[in-house]
>>> print(open('upload26.txt').read())   # compact mmCIF, C-alpha atoms and all ligand atoms
# COMPACT_ATOMS: atom_id res chain seq x y z
CA MET Q 66 -92.43 -22.73 -175.51
CA SER Q 67 -96.00 -23.82 -176.12
CA ASP Q 68 -97.19 -23.10 -172.57
CA TRP Q 69 -96.09 -19.45 -172.65
CA PRO Q 70 -98.93 -17.12 -173.52
CA SER Q 71 -96.35 -14.79 -175.06
CA VAL Q 72 -92.60 -14.59 -175.15
CA SER Q 73 -91.76 -10.95 -174.67
CA PHE Q 74 -90.18 -9.24 -171.71
CA ARG Q 75 -88.03 -6.38 -170.53
CA PHE Q 76 -85.39 -6.96 -167.95
CA SER Q 77 -83.42 -4.40 -166.03
CA LEU Q 78 -82.23 -4.92 -162.49
CA PRO Q 79 -80.97 -1.52 -161.38
CA THR Q 80 -79.88 -3.00 -158.03
CA LYS Q 81 -76.21 -3.83 -157.54
CA VAL Q 82 -76.06 -7.16 -155.69
CA ILE Q 83 -73.24 -8.07 -153.31
CA PHE Q 84 -73.77 -11.63 -152.12
CA GLY Q 85 -71.86 -13.73 -149.63
CA ARG Q 86 -70.67 -14.15 -146.08
CA GLY Q 87 -68.84 -11.03 -145.00
CA ALA Q 88 -70.55 -8.85 -147.65
CA ALA Q 89 -71.94 -6.69 -144.83
CA GLU Q 90 -68.49 -5.19 -144.29
CA ASP Q 91 -68.86 -3.43 -147.66
CA VAL Q 92 -71.76 -1.29 -146.46
CA ALA Q 93 -69.73 1.86 -145.73
CA LYS Q 94 -67.91 1.76 -149.07
CA GLU Q 95 -71.21 1.36 -150.90
CA ALA Q 96 -72.89 4.16 -148.93
CA LEU Q 97 -69.99 6.48 -149.75
CA SER Q 98 -70.15 5.65 -153.42
CA LEU Q 99 -73.86 6.52 -153.39
CA GLY Q 100 -72.95 9.97 -152.08
CA ILE Q 101 -74.63 9.46 -148.71
CA ARG Q 102 -73.36 11.72 -145.94
CA VAL Q 103 -75.72 10.93 -143.06
CA PRO Q 104 -77.06 7.36 -143.22
CA VAL Q 105 -79.99 6.02 -141.20
CA ILE Q 106 -80.07 2.34 -140.29
CA VAL Q 107 -83.74 1.31 -140.53
CA THR Q 108 -84.35 -1.80 -138.46
CA THR Q 109 -86.80 -3.77 -136.33
CA ALA Q 110 -88.15 -2.96 -132.89
CA GLY Q 111 -88.14 -6.53 -131.57
CA GLY Q 112 -84.60 -6.49 -130.23
CA SER Q 113 -83.33 -9.78 -131.66
CA LEU Q 114 -81.14 -8.08 -134.28
CA ARG Q 115 -79.71 -5.93 -131.48
CA ARG Q 116 -79.27 -8.96 -129.19
CA HIS Q 117 -77.40 -10.93 -131.83
CA GLY Q 118 -75.09 -8.00 -132.55
CA HIS Q 119 -76.27 -7.43 -136.13
CA ILE Q 120 -77.19 -3.77 -135.66
CA ASP Q 121 -73.87 -3.09 -133.91
CA ARG Q 122 -72.04 -4.82 -136.74
CA VAL Q 123 -73.61 -2.56 -139.38
CA GLU Q 124 -73.30 0.53 -137.19
CA GLU Q 125 -69.60 -0.17 -136.60
CA ALA Q 126 -68.96 -0.82 -140.27
CA LEU Q 127 -70.61 2.50 -141.17
CA SER Q 128 -68.84 4.39 -138.38
CA LYS Q 129 -65.50 3.72 -140.03
CA CYS Q 130 -66.45 6.16 -142.79
CA PHE Q 131 -69.30 8.22 -141.32
CA GLN Q 132 -69.17 10.46 -138.26
CA ASP Q 133 -72.90 10.56 -137.87
CA VAL Q 134 -74.91 7.31 -138.14
CA LYS Q 135 -78.59 7.37 -137.15
CA VAL Q 136 -80.61 4.33 -136.08
CA PHE Q 137 -84.38 4.13 -136.55
CA ASP Q 138 -85.28 0.90 -134.74
CA ARG Q 139 -89.06 1.11 -134.62
CA ILE Q 140 -90.10 -1.28 -137.41
CA THR Q 141 -92.90 -3.74 -136.60
CA THR Q 142 -94.41 -6.60 -138.60
CA ASN Q 143 -96.93 -5.54 -141.28
CA PRO Q 144 -95.74 -1.89 -141.27
CA THR Q 145 -98.39 0.81 -141.60
CA THR Q 146 -98.62 4.03 -143.58
CA GLU Q 147 -98.20 5.88 -140.24
CA LEU Q 148 -94.91 4.08 -139.57
CA VAL Q 149 -93.60 5.11 -143.00
CA ASP Q 150 -94.70 8.70 -142.33
CA GLU Q 151 -92.88 8.51 -138.98
CA LEU Q 152 -89.69 7.39 -140.71
CA VAL Q 153 -90.01 10.14 -143.33
CA ASN Q 154 -90.31 12.69 -140.52
CA TYR Q 155 -87.32 11.15 -138.71
CA ILE Q 156 -85.15 11.44 -141.84
CA ARG Q 157 -86.14 15.10 -142.17
CA VAL Q 158 -85.57 15.99 -138.51
CA GLU Q 159 -82.23 14.17 -138.34
CA GLY Q 160 -80.99 15.61 -141.63
CA ALA Q 161 -80.25 12.17 -143.08
CA ASP Q 162 -79.78 11.59 -146.80
CA GLY Q 163 -79.61 7.82 -147.28
CA LEU Q 164 -81.07 4.63 -145.86
CA VAL Q 165 -79.56 1.31 -144.84
CA ALA Q 166 -82.45 -1.12 -144.27
CA LEU Q 167 -81.47 -4.03 -142.05
CA GLY Q 168 -84.08 -6.70 -141.38
CA GLY Q 169 -86.83 -8.69 -143.02
CA GLY Q 170 -89.44 -7.44 -145.48
CA SER Q 171 -91.00 -5.05 -142.97
CA ALA Q 172 -87.80 -3.05 -142.44
CA ILE Q 173 -86.79 -3.01 -146.10
CA ASP Q 174 -90.26 -2.19 -147.40
CA THR Q 175 -90.76 0.62 -144.88
CA ALA Q 176 -87.42 2.10 -145.95
CA LYS Q 177 -88.26 1.71 -149.65
CA ALA Q 178 -91.61 3.45 -149.19
CA ALA Q 179 -90.05 6.21 -147.08
CA SER Q 180 -87.30 6.80 -149.65
CA LEU Q 181 -90.00 7.64 -152.20
CA VAL Q 182 -92.32 9.64 -149.94
CA PHE Q 183 -89.43 11.70 -148.53
CA MET Q 184 -88.50 12.95 -151.99
CA GLY Q 185 -92.04 13.29 -153.35
CA GLY Q 186 -93.69 14.90 -150.31
CA GLY Q 187 -97.21 14.29 -149.02
CA ARG Q 188 -98.46 11.27 -147.10
CA THR Q 189 -97.64 7.61 -147.62
CA LYS Q 190 -101.35 6.88 -147.96
CA ASP Q 191 -101.41 8.86 -151.22
CA TYR Q 192 -98.71 6.67 -152.76
CA LEU Q 193 -100.39 3.49 -151.58
CA LEU Q 194 -103.64 4.46 -153.26
CA GLY Q 195 -101.90 5.69 -156.41
CA VAL Q 196 -102.88 9.36 -155.90
CA ARG Q 197 -99.18 10.28 -155.96
CA LYS Q 198 -96.50 8.43 -157.93
CA GLY Q 199 -93.14 9.92 -156.94
CA LYS Q 200 -90.31 10.67 -159.34
CA GLU Q 201 -87.20 9.88 -157.35
CA ALA Q 202 -86.11 8.30 -154.09
CA LEU Q 203 -83.38 8.61 -151.50
CA PRO Q 204 -80.52 6.14 -152.01
CA LEU Q 205 -81.18 2.88 -150.19
CA ILE Q 206 -79.00 -0.10 -149.31
CA ALA Q 207 -81.01 -3.23 -148.44
CA MET Q 208 -79.49 -5.81 -146.08
CA PRO Q 209 -81.92 -8.71 -145.62
CA THR Q 210 -81.68 -10.73 -142.41
CA THR Q 211 -84.31 -13.29 -143.47
CA HIS Q 212 -84.51 -15.57 -146.53
CA GLY Q 213 -88.07 -14.78 -147.55
CA THR Q 214 -89.08 -11.59 -149.22
CA GLY Q 215 -86.63 -10.95 -152.04
CA THR Q 216 -87.63 -7.30 -151.66
CA GLU Q 217 -83.94 -6.35 -151.84
CA VAL Q 218 -84.13 -6.82 -155.62
CA ASN Q 219 -87.57 -5.64 -156.63
CA LYS Q 220 -89.81 -2.61 -157.08
CA TYR Q 221 -92.43 -3.41 -154.43
CA ALA Q 222 -92.93 -2.03 -150.93
CA VAL Q 223 -95.85 -3.63 -149.09
CA VAL Q 224 -97.49 -1.32 -146.56
CA THR Q 225 -100.79 -1.53 -144.66
CA ASP Q 226 -103.32 1.29 -144.41
CA PRO Q 227 -105.04 0.44 -141.11
CA GLU Q 228 -107.98 2.80 -141.74
CA LEU Q 229 -108.95 0.99 -144.92
CA SER Q 230 -107.67 -2.46 -143.82
CA ALA Q 231 -105.68 -2.45 -147.05
CA LYS Q 232 -102.32 -4.24 -147.28
CA VAL Q 233 -101.03 -3.40 -150.74
CA ALA Q 234 -97.76 -2.74 -152.52
CA ILE Q 235 -96.41 0.59 -153.65
CA VAL Q 236 -95.00 -0.29 -157.06
CA SER Q 237 -92.35 2.04 -158.40
CA ARG Q 238 -89.18 1.68 -160.43
CA HIS Q 239 -87.67 4.36 -158.19
CA ILE Q 240 -87.67 2.14 -155.10
CA TYR Q 241 -85.37 -0.60 -156.29
CA PRO Q 242 -82.63 -0.55 -153.66
CA LYS Q 243 -79.47 0.93 -155.14
CA VAL Q 244 -77.47 -1.87 -153.51
CA ALA Q 245 -78.54 -5.22 -152.04
CA ILE Q 246 -76.03 -6.66 -149.59
CA VAL Q 247 -77.11 -10.25 -149.10
CA ASP Q 248 -74.97 -11.66 -146.30
CA PRO Q 249 -76.25 -15.09 -145.19
CA SER Q 250 -74.40 -14.79 -141.86
CA PHE Q 251 -77.20 -12.44 -140.68
CA MET Q 252 -79.60 -15.36 -141.19
CA ASP Q 253 -77.70 -17.83 -138.99
CA THR Q 254 -79.49 -16.50 -135.93
CA LEU Q 255 -83.01 -16.70 -137.38
CA PRO Q 256 -85.18 -18.84 -135.06
CA SER Q 257 -86.73 -21.99 -136.54
CA GLY Q 258 -90.31 -20.62 -136.71
CA LEU Q 259 -89.21 -17.59 -138.71
CA SER Q 260 -86.86 -19.74 -140.79
CA GLY Q 261 -89.79 -21.87 -141.91
CA ALA Q 262 -92.15 -18.95 -142.45
CA THR Q 263 -89.72 -16.86 -144.47
CA THR Q 264 -88.61 -19.83 -146.58
CA PHE Q 265 -92.26 -20.50 -147.34
CA ASP Q 266 -92.66 -16.88 -148.46
CA ALA Q 267 -89.78 -17.32 -150.91
CA LEU Q 268 -91.29 -20.59 -152.11
CA ALA Q 269 -94.67 -18.90 -152.60
CA HIS Q 270 -93.01 -16.20 -154.71
CA ALA Q 271 -91.37 -18.83 -156.91
CA LEU Q 272 -94.55 -20.90 -157.25
CA GLU Q 273 -96.83 -17.95 -157.92
CA SER Q 274 -94.43 -16.46 -160.42
CA TYR Q 275 -94.17 -19.77 -162.27
CA LEU Q 276 -97.97 -20.20 -162.28
CA SER Q 277 -98.81 -16.60 -163.20
CA LYS Q 278 -100.19 -15.40 -166.50
CA SER Q 279 -97.24 -13.00 -166.81
CA VAL Q 280 -94.53 -15.67 -167.08
CA ASN Q 281 -91.58 -15.32 -169.40
CA PRO Q 282 -88.35 -17.31 -169.87
CA LEU Q 283 -86.47 -15.06 -167.51
CA SER Q 284 -88.95 -15.19 -164.61
CA ASP Q 285 -89.22 -18.97 -165.12
CA MET Q 286 -85.47 -19.33 -164.84
CA PHE Q 287 -85.32 -17.49 -161.54
CA ALA Q 288 -88.47 -19.15 -160.15
CA LEU Q 289 -87.27 -22.67 -161.03
CA GLU Q 290 -83.85 -21.98 -159.54
CA ALA Q 291 -85.45 -20.82 -156.27
CA MET Q 292 -87.62 -23.96 -156.20
CA LYS Q 293 -84.59 -26.23 -156.76
CA GLN Q 294 -82.71 -24.71 -153.82
CA ILE Q 295 -85.73 -24.86 -151.52
CA ALA Q 296 -86.41 -28.46 -152.62
CA TRP Q 297 -82.84 -29.37 -151.65
CA VAL Q 298 -83.39 -27.99 -148.14
CA TYR Q 299 -86.85 -29.60 -147.85
CA ARG Q 300 -85.56 -33.05 -148.84
CA GLY Q 301 -82.62 -32.81 -146.45
CA MET Q 302 -84.80 -31.71 -143.55
CA LYS Q 303 -87.34 -34.41 -144.36
CA ASP Q 304 -84.77 -37.22 -144.27
CA GLY Q 305 -83.10 -35.75 -141.19
CA SER Q 306 -79.75 -34.96 -142.82
CA LEU Q 307 -80.18 -31.18 -142.56
CA ILE Q 308 -81.34 -28.61 -140.01
CA TRP Q 309 -81.69 -24.87 -140.53
CA GLY Q 310 -78.18 -24.40 -139.13
CA SER Q 311 -76.45 -26.95 -141.38
CA PRO Q 312 -73.63 -25.59 -143.56
CA GLY Q 313 -74.93 -24.21 -146.82
CA VAL Q 314 -78.62 -24.07 -145.87
CA ARG Q 315 -78.81 -20.34 -145.11
CA ASP Q 316 -76.66 -19.50 -148.14
CA ARG Q 317 -78.84 -21.49 -150.52
CA LEU Q 318 -82.00 -20.00 -149.04
CA ALA Q 319 -80.62 -16.46 -149.23
CA TRP Q 320 -79.96 -17.07 -152.91
CA ALA Q 321 -83.37 -18.74 -153.42
CA SER Q 322 -85.14 -15.82 -151.77
CA MET Q 323 -83.28 -13.32 -153.94
CA ALA Q 324 -83.91 -15.33 -157.11
CA ALA Q 325 -87.63 -15.55 -156.29
CA GLY Q 326 -87.58 -11.79 -155.66
CA VAL Q 327 -86.36 -11.25 -159.24
CA ALA Q 328 -89.00 -13.70 -160.52
CA ILE Q 329 -91.88 -11.72 -158.97
CA ASP Q 330 -90.35 -8.45 -160.07
CA GLN Q 331 -91.02 -9.76 -163.58
CA SER Q 332 -94.32 -11.58 -163.16
CA ARG Q 333 -95.78 -10.54 -159.77
CA THR Q 334 -97.48 -12.91 -157.35
CA GLY Q 335 -101.08 -14.12 -157.51
CA VAL Q 336 -104.06 -15.50 -155.62
CA LEU Q 337 -102.13 -16.77 -152.61
CA HIS Q 338 -100.55 -13.39 -151.92
CA ALA Q 339 -103.81 -11.54 -152.61
CA LEU Q 340 -105.63 -13.61 -150.01
CA GLU Q 341 -102.79 -13.48 -147.49
CA HIS Q 342 -102.64 -9.69 -147.73
CA ALA Q 343 -106.36 -9.59 -146.95
CA LEU Q 344 -105.79 -11.83 -143.91
CA SER Q 345 -102.92 -9.68 -142.60
CA ALA Q 346 -104.97 -6.53 -143.14
CA PHE Q 347 -107.50 -7.94 -140.63
CA SER Q 348 -104.94 -9.62 -138.36
CA PRO Q 349 -101.77 -7.45 -138.32
CA ASP Q 350 -99.83 -9.82 -136.00
CA LEU Q 351 -100.01 -12.64 -138.54
CA HIS Q 352 -96.63 -13.37 -140.10
CA HIS Q 353 -96.83 -13.13 -143.89
CA GLY Q 354 -95.09 -16.48 -144.54
CA LEU Q 355 -97.26 -18.30 -142.04
CA GLY Q 356 -100.41 -16.76 -143.52
CA LEU Q 357 -99.34 -17.98 -146.96
CA ALA Q 358 -98.72 -21.48 -145.58
CA MET Q 359 -102.18 -21.61 -144.01
CA LEU Q 360 -103.81 -20.90 -147.38
CA ALA Q 361 -101.45 -22.90 -149.56
CA VAL Q 362 -102.84 -26.45 -149.46
CA ALA Q 363 -106.30 -25.43 -150.67
CA TRP Q 364 -104.70 -23.03 -153.17
CA ALA Q 365 -102.58 -25.92 -154.49
CA ARG Q 366 -105.73 -28.00 -155.06
CA VAL Q 367 -107.11 -25.21 -157.26
CA MET Q 368 -103.86 -24.71 -159.17
CA GLU Q 369 -103.28 -28.40 -159.90
CA ARG Q 370 -106.64 -28.46 -161.69
CA LYS Q 371 -106.04 -25.16 -163.46
CA LEU Q 372 -102.46 -25.63 -164.69
CA PRO Q 373 -101.62 -29.36 -164.55
CA GLU Q 374 -98.65 -29.18 -166.96
CA ARG Q 375 -96.78 -26.48 -165.08
CA VAL Q 376 -97.73 -27.97 -161.72
CA ALA Q 377 -96.31 -31.35 -162.84
CA LYS Q 378 -92.96 -29.66 -163.49
CA ILE Q 379 -92.97 -28.20 -159.99
CA VAL Q 380 -93.88 -31.54 -158.41
CA LYS Q 381 -90.98 -33.22 -160.21
CA ILE Q 382 -88.48 -30.74 -158.77
CA PHE Q 383 -89.60 -31.81 -155.31
CA GLY Q 384 -89.34 -35.53 -156.13
CA GLY Q 385 -92.99 -36.31 -157.02
CA ARG Q 386 -94.60 -37.39 -160.27
CA GLU Q 387 -98.19 -36.30 -160.91
CA PRO Q 388 -99.79 -32.85 -160.68
CA GLU Q 389 -102.43 -34.25 -158.30
CA GLU Q 390 -99.67 -34.71 -155.74
CA PHE Q 391 -99.13 -30.93 -155.54
CA HIS Q 392 -101.39 -30.25 -152.54
CA GLU Q 393 -99.92 -33.23 -150.65
CA LEU Q 394 -96.44 -31.96 -151.40
CA ILE Q 395 -97.32 -28.46 -150.13
CA SER Q 396 -98.85 -30.01 -147.02
CA ASP Q 397 -95.65 -31.98 -146.41
CA ILE Q 398 -93.43 -28.93 -146.93
CA ILE Q 399 -95.55 -27.10 -144.35
CA ARG Q 400 -95.07 -30.02 -141.91
CA VAL Q 401 -91.31 -30.26 -142.49
CA PHE Q 402 -90.88 -26.46 -142.12
CA GLY Q 403 -92.93 -26.48 -138.88
CA LEU Q 404 -95.80 -24.29 -140.10
CA GLU Q 405 -98.83 -26.43 -139.27
CA LYS Q 406 -101.40 -23.90 -138.12
CA SER Q 407 -104.92 -23.11 -139.27
CA LEU Q 408 -106.60 -19.77 -139.74
CA ARG Q 409 -108.82 -20.62 -136.76
CA ASP Q 410 -105.72 -20.36 -134.55
CA TYR Q 411 -105.66 -16.67 -135.58
CA GLY Q 412 -109.32 -16.05 -134.87
CA PHE Q 413 -110.72 -16.48 -138.40
CA GLU Q 414 -114.11 -18.23 -138.69
CA GLU Q 415 -116.27 -19.28 -141.63
CA GLU Q 416 -118.37 -16.11 -141.29
CA ASP Q 417 -115.25 -14.09 -142.25
CA VAL Q 418 -114.89 -15.70 -145.70
CA ASP Q 419 -116.86 -13.04 -147.61
CA ASP Q 420 -115.01 -10.15 -145.95
CA ILE Q 421 -111.63 -11.68 -146.81
CA ILE Q 422 -112.62 -12.21 -150.45
CA GLU Q 423 -114.14 -8.75 -150.74
CA ASN Q 424 -110.97 -7.19 -149.31
CA ALA Q 425 -108.82 -9.09 -151.81
CA ARG Q 426 -111.14 -8.13 -154.71
CA THR Q 427 -111.12 -4.46 -153.65
CA TYR Q 428 -107.40 -3.94 -153.06
CA LEU Q 429 -105.60 -6.83 -154.73
CA GLY Q 430 -107.52 -7.39 -157.94
CA ALA Q 431 -104.34 -7.18 -160.02
CA LEU Q 432 -102.91 -10.20 -158.19
CA LEU Q 433 -106.18 -12.16 -158.31
CA SER Q 434 -106.30 -11.77 -162.07
CA ASN Q 435 -102.62 -12.70 -162.52
CA VAL Q 436 -103.54 -16.34 -163.12
CA PRO Q 437 -104.30 -17.86 -166.53
CA GLY Q 438 -108.07 -17.78 -166.91
CA GLY Q 439 -108.52 -15.71 -163.74
CA VAL Q 440 -110.05 -17.00 -160.54
CA GLY Q 441 -113.74 -17.21 -159.69
CA ASP Q 442 -115.50 -16.45 -156.42
CA GLU Q 443 -116.24 -20.15 -155.98
CA GLU Q 444 -112.55 -20.97 -156.11
CA LEU Q 445 -111.68 -18.17 -153.71
CA ARG Q 446 -114.43 -19.30 -151.33
CA PHE Q 447 -113.11 -22.85 -151.52
CA ILE Q 448 -109.53 -21.76 -150.69
CA VAL Q 449 -110.46 -19.55 -147.74
CA THR Q 450 -113.08 -21.91 -146.27
CA GLU Q 451 -110.86 -24.97 -146.48
CA SER Q 452 -108.00 -23.00 -144.94
CA ILE Q 453 -110.17 -21.87 -142.02
CA LEU Q 454 -111.23 -25.47 -141.46
CA GLY Q 455 -107.55 -26.50 -141.61
CA ARG Q 456 -107.99 -28.87 -144.57
FE FE A 1 -94.45 -12.60 -150.05
>>> encode(input="upload26.txt", output="structure tokens")
Amino acid sequence: MSDWPSVSFRFSLPTKVIFGRGAAEDVAKEALSLGIRVPVIVTTAGGSLRRHGHIDRVEEALSKCFQDVKVFDRITTNPTTELVDELVNYIRVEGADGLVALGGGSAIDTAKAASLVFMGGGRTKDYLLGVRKGKEALPLIAMPTTHGTGTEVNKYAVVTDPELSAKVAIVSRHIYPKVAIVDPSFMDTLPSGLSGATTFDALAHALESYLSKSVNPLSDMFALEAMKQIAWVYRGMKDGSLIWGSPGVRDRLAWASMAAGVAIDQSRTGVLHALEHALSAFSPDLHHGLGLAMLAVAWARVMERKLPERVAKIVKIFGGREPEEFHELISDIIRVFGLEKSLRDYGFEEEDVDDIIENARTYLGALLSNVPGGVGDEELRFIVTESILGR
């Protein structure tokens, strides 16, 4: 235990987890047991969940027990405080009393934030900036359709305030979903680009948790488990024996994503997420997982110098030997998962480096300092500059 700064933690996961193919059929029973009378399905605007029949599936399952099922299908990527306010207003107007969030992190986080704001009153902005805290939340069932965020099992809801260009998390013990229904069959239809990006998000959660200054035996256990599952998929895809649709891949990744979600509930994320949130605040169309991937090679170079012992353990899980191989490993994972893009492809130039760092320092200082020894401006400048140059 010598590399733990302290061994002391509290663990309580107030979320009931129902995991497995077919778990979605339990949604009505769970909503009833939460005392919900008028549920709202909160889901994405893009249409792919509708096209693949996932929204109908949940709507039909709920309709067996509920006469009145509402559908709020206006969720977009990087949801804003206005979108949460819109959902809060919708819940009020429609007389709903419980939420079923179906989608990726954007849908679930919008629903989590709205569940708190609805009960506490006021504007979402106030909760994001910590002016209001909230004491209770509407009951919420989270049904992830991607294997990335892990938000179905933690206390964070990431929302963007477009006026301030601030993408930050509302952190509240009241917004743990009451139930997480993790049904990997929803993920079978995830296109390959999103499969890679969301898997990388889950990997980033596991890595950042394991390399944070807030580690404990419990967060390590979940983070290492997530890494092992993702390493299995990475190795199979690298040698050509697996594709995203191979039996077992989605199920393992759904579990990995959830496990990493518990890991960051304990120990939070760090520098990589702080910088990615700053990027997304300036470029709202950027997918979170892809943004993380674009920063990750340079970040790995910094971390392998900072925490060589822990990094060596990570490298071994993925089949390597030395901590110095970490950035090459990350680069190869990015290649295998089809995420090879640079920040330049999204319009970022070297002259933006200071703005990105200042945004992260202003709004995400808690994540920047969640690394043993902290992180200096030189290191941040190195990560962002190298990432813009695609190195
Ligand atoms: Fe994330």
>>> closest_residue(input="upload26.txt", among="Q:Ile399, Q:Leu337, Q:Val380, Q:Ala178", to="ligand FE 1 (chain A)", atoms="all atoms listed in the file")
Q:Leu337
>>> closest_atom_pairs(input="upload26.txt", of="chain Q", to="ligand FE 1 (chain A)", cutoff="7 Å", atoms="only C-alpha atoms and all ligand atoms", output="tab-separated table")
residue	atom	partner	partner_atom	distance
Q:Thr214	CA	A:FE1	FE	5.5
Q:Asp266	CA	A:FE1	FE	4.9
Q:Ala267	CA	A:FE1	FE	6.7
Q:Ala269	CA	A:FE1	FE	6.8
Q:His270	CA	A:FE1	FE	6.1
Q:His338	CA	A:FE1	FE	6.4
Q:His353	CA	A:FE1	FE	6.6
Q:Gly354	CA	A:FE1	FE	6.8
>>> atom_distance(input="upload26.txt", atom1="atom CA of Gly385 of chain Q", atom2="atom CA of Ile448 of chain Q")
22.9 Å
>>> residues_around(input="upload26.txt", residues="Asp330 of chain Q", least_positions_apart="2", cutoff="8 Å", atoms="all atoms listed in the file", output="JSON, numbers by chain")
{"Q": [218, 219, 220, 221, 326, 327, 328, 332, 333]}
>>> residues_around(input="upload26.txt", residues="Ala172 of chain Q", least_positions_apart="2", cutoff="8 Å", atoms="all atoms listed in the file", output="list of chain:residue names")
Q:Val107, Q:Thr108, Q:Thr109, Q:Ile140, Q:Thr141, Q:Ala166, Q:Leu167, Q:Gly168, Q:Gly169, Q:Gly170, Q:Asp174, Q:Thr175, Q:Ala176
>>> write_last_selection(input="upload26.txt", atoms="C-alpha atoms", output="CSV table (one decimal), keeping the file's coordinate frame")
chain,number,residue,atom,x,y,z
Q,107,VAL,CA,-83.7,1.3,-140.5
Q,108,THR,CA,-84.4,-1.8,-138.5
Q,109,THR,CA,-86.8,-3.8,-136.3
Q,140,ILE,CA,-90.1,-1.3,-137.4
Q,141,THR,CA,-92.9,-3.7,-136.6
Q,166,ALA,CA,-82.4,-1.1,-144.3
Q,167,LEU,CA,-81.5,-4.0,-142.0
Q,168,GLY,CA,-84.1,-6.7,-141.4
Q,169,GLY,CA,-86.8,-8.7,-143.0
Q,170,GLY,CA,-89.4,-7.4,-145.5
Q,174,ASP,CA,-90.3,-2.2,-147.4
Q,175,THR,CA,-90.8,0.6,-144.9
Q,176,ALA,CA,-87.4,2.1,-146.0
>>> closest_residue(input="upload26.txt", among="Q:Ala231, Q:Met368, Q:Leu148, Q:Ile120", to="Val440 of chain Q", atoms="only C-alpha atoms")
Q:Met368
>>> residues_around(input="upload26.txt", residues="Met302 of chain Q", least_positions_apart="6", cutoff="9 Å", atoms="all atoms listed in the file", output="ChimeraX atom specification")
/Q:308-309,401-402
>>> atom_distance(input="upload26.txt", atom1="atom CA of Thr450 of chain Q", atom2="atom CA of Glu415 of chain Q")
6.2 Å
>>> closest_residue(input="upload26.txt", among="Q:Thr254, Q:Thr189, Q:Thr80, Q:Gln294", to="Leu152 of chain Q", atoms="all atoms listed in the file")
Q:Thr189
>>> atom_distance(input="upload26.txt", atom1="atom CA of Ile240 of chain Q", atom2="atom CA of Pro437 of chain Q")
28.4 Å
>>> closest_residue(input="upload26.txt", among="Q:Ala346, Q:Thr145, Q:Ala161, Q:Gly301", to="Asp133 of chain Q", atoms="all atoms listed in the file")
Q:Ala161
